[in-house]
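A short worksheet on the structure shown next.
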Amino acid sequence: MRIRKADLVVLVIVILVSLVVHMPIETQQLVFNKVVVSEPLYTDVISEYKALYVQACNEIEQSKDWINRDKLLAICKGELDIPLPYIDYSYRHAPLAGFTWTILTALTLIIVYPQWNIGSPYAITVFYLLYTAIIVSVLLLAYRRLASLYQLLGVKWPLLYILPVVSPSLIVYSIYSWEPLLLLFLLEFLYWILVEEYKKAVVFLGLCALTNSIGFALVFLILYLYTVGSKLAKLDSICMLLLAFILSPYIVLGVVNTQGTINIVLPVMHEFCNNCIYLLLTGDPVSQMTKAVSVAVWITVITIYLSLKPRVSDKLSKYSYFILFLGFASTLSLTYPPQSILYILPLLPPLYLAYTSTKPIIPHILIDALNSLIITTWFKDLELRRAFSFLGLKLEYNPWALESPVQWIAQTRNIVLLVVLIIYAMEYLELIVSEER
């Protein structure tokens, strides 16, 4: 199914706005010959690019990310020497994101050589334009698949189609990191599993895990359903072998950089609480107690979830089973950065069909609005603390702390989303009372 023309127009406008408001100052000066947005929104990918190729070149001996300093020195001198993530420098993203990153940085280096080095404003501009070209293409494909998925699930209400498009979070986080790529693969996985094309489904499931470690949560669920012989996913050994083959790059990566691979697959091993809900319980984003609580709660909730099944055997209920699992797995993880909402919120509207009123729209919009505020207020934490100084807030920059107004926003988002997930779990799922799954 094609995206409706009105939705497509809105989507293109939203993406173009996102492209401009995230555009680095260097790129604005080259593209527009002036600065259009004096304070561009933060972008993970550009921040990583500048850390690796601009800041590192200015502080070669102090750079902590680079493993191969000879390669760093070569590219800083303007030589055509393409560095590789995981080998020449540390890279925290999954293999498919790393592969895409490598292609983009290599193309950037080739295009600007020999006039400029990879850390120049021209190189930053080339990289940004290449990256946004990929993301825009991916988003258009993703929203086309989203429309066909909605149609498959019987969504007819136009408002539900427009909700994922008219989204402040889409403006703030689409040109940000690699989540749009994950969204595309996730939508493909859901579509093919609903039409019972399981081999295609596991291919896209594998690509999800190759893009973001949260994909392993769904891999675990699929393996569980296969083991118990569930009717929710009639998988065979060929599907499992195909999934294993798709995930094999992790084996190669593990040989090349064992610790880096562990950090990607099990972020809880090295990450701290990034906007996680457990901050409400421990108050300390970096404590081992926070990690322990997160692991205990996550395992407990997922174990309980595995004792549930859809109330009825239709496509919408089957869809809800996978979406709610992903929602709980994400919301209850130790790291829940705001860009994660890009692969959760657009998937929720079909669940609203359980109600005939517009009531479900209100928490959806609230979650979206709160989520978009997280990064837009993140670097203004000190200013916000001054504004709320009458509450006795410590005047320091620390948006990770529970007393930060930024965390008030993040935790409100977490609570509302968790309540929404629980409500729909109660609506669509029930306890398994027999061996039949």
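Ordering of the structure tokens sets the chain letters (A, B, ...), residue numbers begin anew at 1 in every chain, and ligands are numbered from 1 in the order given.
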Hey, what's within 10 Å of A:Asn275 if we count only C-alpha atoms and toss same-chain stuff fewer than 6 positions away? As an mmCIF file with C-alpha atoms, in the first residue's frame, please?
data_model
loop_
_atom_site.group_PDB
_atom_site.id
_atom_site.type_symbol
_atom_site.label_atom_id
_atom_site.label_comp_id
_atom_site.auth_asym_id
_atom_site.auth_seq_id
_atom_site.Cartn_x
_atom_site.Cartn_y
_atom_site.Cartn_z
ATOM 1 C CA PRO A 285 22.306 6.571 37.405
ATOM 2 C CA THR A 331 10.932 0.717 28.493
ATOM 3 C CA SER A 333 15.936 -1.548 29.895
ATOM 4 C CA LEU A 334 18.848 0.198 31.601
ATOM 5 C CA THR A 335 19.346 2.477 28.609
ATOM 6 C CA TYR A 336 16.245 4.144 27.215
ATOM 7 C CA PRO A 337 17.437 7.151 25.193
ATOM 8 C CA PRO A 338 14.717 9.342 23.658
ATOM 9 C CA ILE A 374 14.262 15.426 26.484
ATOM 10 C CA PRO A 399 20.737 16.109 33.318
ATOM 11 C CA TRP A 400 21.252 12.480 34.410
ATOM 12 C CA ALA A 401 20.319 13.245 38.038
ATOM 13 C CA LEU A 402 16.784 12.587 39.263
ATOM 14 C CA VAL A 406 15.175 17.016 32.292
ATOM 15 C CA GLN A 407 14.634 13.825 34.264
ATOM 16 C CA TRP A 408 11.223 15.033 35.406
ATOM 17 C CA ILE A 409 10.311 15.036 31.727
ATOM 18 C CA ALA A 410 11.991 11.698 30.968
ATOM 19 C CA GLN A 411 10.495 9.902 33.958
ATOM 20 C CA ARG A 413 7.377 9.844 29.745
ATOM 21 C CA ASN A 414 8.495 6.500 31.164
#
Stretch 201-297 of chain A near stretch 98-104 of chain A within 12 Å: what's each residue's closest atom pair and its distance in Å to one decimal, counting only C-alpha atoms, ordered by chain then ascending residue number, as CSV?
residue,atom,partner,partner_atom,distance
A:Leu210,CA,A:Gly98,CA,9.3
A:Thr211,CA,A:Gly98,CA,8.4
A:Asn212,CA,A:Gly98,CA,10.5
A:Pro249,CA,A:Phe99,CA,10.6
A:Tyr250,CA,A:Gly98,CA,11.6
A:Leu253,CA,A:Gly98,CA,10.6
A:Thr261,CA,A:Gly98,CA,11.8
A:Ile264,CA,A:Gly98,CA,11.2
Using the selection just defined, write its residues with C-alpha atoms as a compact mmCIF listing (two decimals), in the first residue's frame.
# COMPACT_ATOMS: atom_id res chain seq x y z
CA LEU A 210 22.40 -6.35 13.56
CA THR A 211 21.23 -2.74 13.80
CA ASN A 212 20.45 -2.40 17.50
CA PRO A 249 28.62 -11.04 11.68
CA TYR A 250 28.59 -10.90 15.47
CA LEU A 253 33.07 -8.97 15.29
CA THR A 261 31.03 -7.01 20.94
CA ILE A 264 27.09 -3.98 22.06
Q. Mind checking DSSP for stretch 142-241 of chain A and telling me the alpha helix (DSSP H) residues as a ChimeraX atom specification?
A. /A:142-152,158-162,168-173,179-194,198-211,215-228,237-241
Selection from above, C-alpha atoms, as a short mmCIF file (atom, residue, chain, number, x, y, z; two decimals), in the first residue's frame, can you write it?
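See result_10.cif below for the written result:
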data_model
loop_
_atom_site.label_atom_id
_atom_site.label_comp_id
_atom_site.auth_asym_id
_atom_site.auth_seq_id
_atom_site.Cartn_x
_atom_site.Cartn_y
_atom_site.Cartn_z
CA ALA A 142 9.52 2.58 6.60
CA TYR A 143 6.38 4.70 6.47
CA ARG A 144 5.26 3.02 3.29
CA ARG A 145 5.53 -0.34 5.07
CA LEU A 146 3.83 1.16 8.13
CA ALA A 147 0.85 2.12 5.96
CA SER A 148 0.59 -1.41 4.53
CA LEU A 149 0.90 -2.89 8.02
CA TYR A 150 -1.90 -0.65 9.30
CA GLN A 151 -4.07 -1.73 6.37
CA LEU A 152 -3.33 -5.40 7.10
CA PRO A 158 -7.32 8.48 9.13
CA LEU A 159 -6.20 10.01 12.44
CA LEU A 160 -4.29 6.84 13.34
CA TYR A 161 -2.38 7.05 10.04
CA ILE A 162 -1.38 10.66 10.63
CA PRO A 168 7.51 16.09 17.34
CA SER A 169 9.76 13.14 18.17
CA LEU A 170 10.11 12.42 14.45
CA ILE A 171 11.33 15.98 13.91
CA VAL A 172 13.74 15.86 16.83
CA TYR A 173 15.13 12.32 16.43
CA GLU A 179 16.87 4.11 14.82
CA PRO A 180 15.07 4.74 11.48
CA LEU A 181 16.99 1.78 10.06
CA LEU A 182 15.82 -0.37 12.97
CA LEU A 183 12.24 0.85 12.47
CA LEU A 184 12.28 -0.25 8.82
CA PHE A 185 13.55 -3.75 9.61
CA LEU A 186 11.16 -4.07 12.54
CA LEU A 187 8.17 -3.16 10.37
CA GLU A 188 9.25 -5.69 7.76
CA PHE A 189 9.62 -8.38 10.43
CA LEU A 190 6.12 -7.66 11.79
CA TYR A 191 4.53 -7.59 8.35
CA TRP A 192 6.00 -10.88 7.21
CA ILE A 193 5.32 -12.69 10.46
CA LEU A 194 1.66 -11.60 10.30
CA TYR A 198 8.43 -16.85 8.39
CA LYS A 199 11.68 -17.12 6.43
CA LYS A 200 11.38 -13.49 5.34
CA ALA A 201 10.40 -12.55 8.89
CA VAL A 202 13.52 -14.07 10.48
CA VAL A 203 15.77 -12.37 7.90
CA PHE A 204 14.45 -8.97 8.96
CA LEU A 205 14.54 -9.99 12.61
CA GLY A 206 18.24 -10.75 12.19
CA LEU A 207 18.74 -7.36 10.55
CA CYS A 208 17.02 -5.75 13.56
CA ALA A 209 19.57 -7.36 15.89
CA LEU A 210 22.40 -6.35 13.56
CA THR A 211 21.23 -2.74 13.80
CA GLY A 215 16.63 -6.65 18.43
CA PHE A 216 18.03 -9.49 20.54
CA ALA A 217 14.99 -9.20 22.80
CA LEU A 218 12.79 -10.22 19.86
CA VAL A 219 15.33 -12.87 18.84
CA PHE A 220 14.98 -14.32 22.34
CA LEU A 221 11.17 -14.27 22.03
CA ILE A 222 11.27 -16.02 18.65
CA LEU A 223 13.64 -18.69 19.98
CA TYR A 224 11.31 -19.23 22.93
CA LEU A 225 8.25 -19.57 20.66
CA TYR A 226 10.17 -22.01 18.47
CA THR A 227 11.25 -24.07 21.49
CA VAL A 228 7.70 -24.41 22.88
CA SER A 237 14.77 -25.54 11.69
CA ILE A 238 15.48 -23.82 8.36
CA CYS A 239 14.21 -20.55 9.84
CA MET A 240 16.51 -20.98 12.82
CA LEU A 241 19.51 -21.72 10.61
#
**Q.** Residue among A:Tyr424, A:Phe379, A:Tyr49, A:Phe32 lying closest to A:Phe127, counting only C-alpha atoms
**A.** A:Tyr49
Q: Take atom CA of A:Ser90 and atom CA of A:Pro114 and report the distance between them in Å, one decimal.
A: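 Atom CA of A:Ser90 sits 25.9 Å away from atom CA of A:Pro114.
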Q: Could you tell me how far atom CA of A:Leu11 lies from atom CA of A:Pro121, in Å and to one decimal?
A: 29.1 Å
Q. Rounded to one decimal in Å, what is the spacing between atom CA of A:Ile13 and atom CA of A:Pro164?
A.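 Computing the Euclidean distance for atom CA of A:Ile13 and atom CA of A:Pro164 yields 13.5 Å.
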Q. Stretch 310-321 of chain A: which residues within 8 Å, counting only C-alpha atoms, same-chain residues fewer than 5 positions away excluded, as a PyMOL selection string?
A. chain A and resi 153+190+194+232+350-351+428-430
Written file, previous selection with N, CA and C atoms, as a compact mmCIF listing (two decimals), in the first residue's frame:
# COMPACT_ATOMS: atom_id res chain seq x y z
N LEU A 153 -3.86 -4.71 9.37
CA LEU A 153 -4.46 -4.84 10.70
C LEU A 153 -5.86 -4.24 10.78
N LEU A 190 7.51 -7.55 11.33
CA LEU A 190 6.12 -7.66 11.79
C LEU A 190 5.18 -7.99 10.64
N LEU A 194 3.13 -11.61 10.28
CA LEU A 194 1.66 -11.60 10.30
C LEU A 194 1.07 -12.31 9.09
N LEU A 232 1.97 -19.00 17.47
CA LEU A 232 2.18 -17.60 17.12
C LEU A 232 3.22 -17.43 16.03
N PRO A 350 -2.38 0.91 16.03
CA PRO A 350 -3.32 -0.19 15.79
C PRO A 350 -3.95 -0.75 17.06
N LEU A 351 -3.23 -0.67 18.18
CA LEU A 351 -3.78 -1.17 19.44
C LEU A 351 -4.94 -0.31 19.93
N TYR A 428 -5.35 -7.03 25.49
CA TYR A 428 -5.12 -7.97 24.40
C TYR A 428 -4.59 -9.34 24.83
N LEU A 429 -4.04 -9.45 26.03
CA LEU A 429 -3.38 -10.69 26.44
C LEU A 429 -4.06 -11.31 27.65
N GLU A 430 -3.80 -12.61 27.83
CA GLU A 430 -4.31 -13.33 28.99
C GLU A 430 -3.32 -14.41 29.38
Q) Using only C-alpha atoms, which of the listed residues (A:Ile60, A:Ile365, A:Ile87, A:Val31) sits closest to A:Ala74? A)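 Under the stated criterion, the closest residue is A:Ile60.
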Q) Out of A:Leu366, A:His270, A:Val37, A:Trp66, which residue has the shortest atom-to-atom distance to A:Ser287 when counting only C-alpha atoms? A)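 Of all the options, A:His270 lies closest to A:Ser287.
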Q: Choose the residue, out of A:Ala106, A:Ser167, A:Ser248, A:Pro405, that has the smallest atom-to-atom separation from A:Pro346; count only C-alpha atoms.
A: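 Using only C-alpha atoms, A:Pro346 sits closest to A:Ser167.
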Q: Show which residues sit within 12 Å of A:Ile304, as a PyMOL selection string. Count only C-alpha atoms, and ignore same-chain residues fewer than 5 positions away.
A: chain A and resi 297-299+309+325+328+425+429-432
